[in-house]
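Read through the structure below, which is laid out as structure tokens, and then see the notes.
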Amino acid sequence: MINVENGFERGLRQLKAFIKGKRVMLTIENPDTTETNRKFIRVPAESAGWRRPSKNNGASESQEA
């Protein structure tokens, strides 16, 4: 039996791996339209615009009273 996953589950697993610091690859449409033999390409998540969350969870370091 073939295990077919939906896109949401795959995306969630990719996001969790990315947050843990793993190297995640994404499949996107090829921006180079002259390359007709490669409709989709694999790129690192950082190249696709993903950014790692900050370690301080948005808290400013200068909040000492």
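Within each chain, counting starts at residue 1; across the structure tokens, chains are named A, B, ... in the order shown, with ligands numbered 1 upward in that order.
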Each residue of region 23-58 of chain A lying at most 9 Å from region 5-15 of chain A should get a row with its shortest atom-to-atom pair and the distance in Å to one decimal, counting only C-alpha atoms; could you produce that, ordered by chain and increasing number, as JSON lines?
{"residue": "A:Val24", "atom": "CA", "partner": "A:Gln14", "partner_atom": "CA", "distance": 6.5}
{"residue": "A:Met25", "atom": "CA", "partner": "A:Gln14", "partner_atom": "CA", "distance": 8.4}
{"residue": "A:Leu26", "atom": "CA", "partner": "A:Gln14", "partner_atom": "CA", "distance": 8.6}
Discussion item. Would you pick out the contacts of region 47-54 of chain A at 12 Å or less, using only C-alpha atoms, so that residues sharing its chain but fewer than 4 positions from it are not included, and give the list as a list in words?
Written reply: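 Everything that qualifies: Gln14, Leu15, Lys16, Ala17, Phe18, Ile19, Lys20, Gly21, Lys22, Arg23, Val24, Met25, Leu26, Thr27, Ile28, Glu29, Asn30, Pro31, Ile41, Arg42, Val43, Gly58, Ala59 and Ser60 of chain A.
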Just-selected residues, C-alpha atoms written as a tab-separated table (two decimals), in the first residue's frame:
chain	number	residue	atom	x	y	z
A	14	GLN	CA	9.21	20.79	6.55
A	15	LEU	CA	8.55	23.80	8.80
A	16	LYS	CA	9.32	21.83	11.97
A	17	ALA	CA	12.58	20.55	10.46
A	18	PHE	CA	13.52	24.08	9.35
A	19	ILE	CA	12.95	25.48	12.85
A	20	LYS	CA	15.16	22.71	14.28
A	21	GLY	CA	17.96	23.90	11.99
A	22	LYS	CA	17.76	21.16	9.37
A	23	ARG	CA	18.47	21.86	5.70
A	24	VAL	CA	15.05	21.88	4.04
A	25	MET	CA	14.62	21.79	0.26
A	26	LEU	CA	11.49	23.15	-1.43
A	27	THR	CA	10.13	22.45	-4.89
A	28	ILE	CA	9.09	25.63	-6.71
A	29	GLU	CA	8.17	26.58	-10.26
A	30	ASN	CA	11.24	27.35	-12.32
A	31	PRO	CA	11.53	31.15	-12.60
A	41	ILE	CA	13.24	23.05	-9.41
A	42	ARG	CA	14.42	22.23	-5.88
A	43	VAL	CA	15.91	25.08	-3.86
A	58	GLY	CA	10.64	38.74	19.99
A	59	ALA	CA	11.72	40.00	23.41
A	60	SER	CA	14.04	42.96	23.34
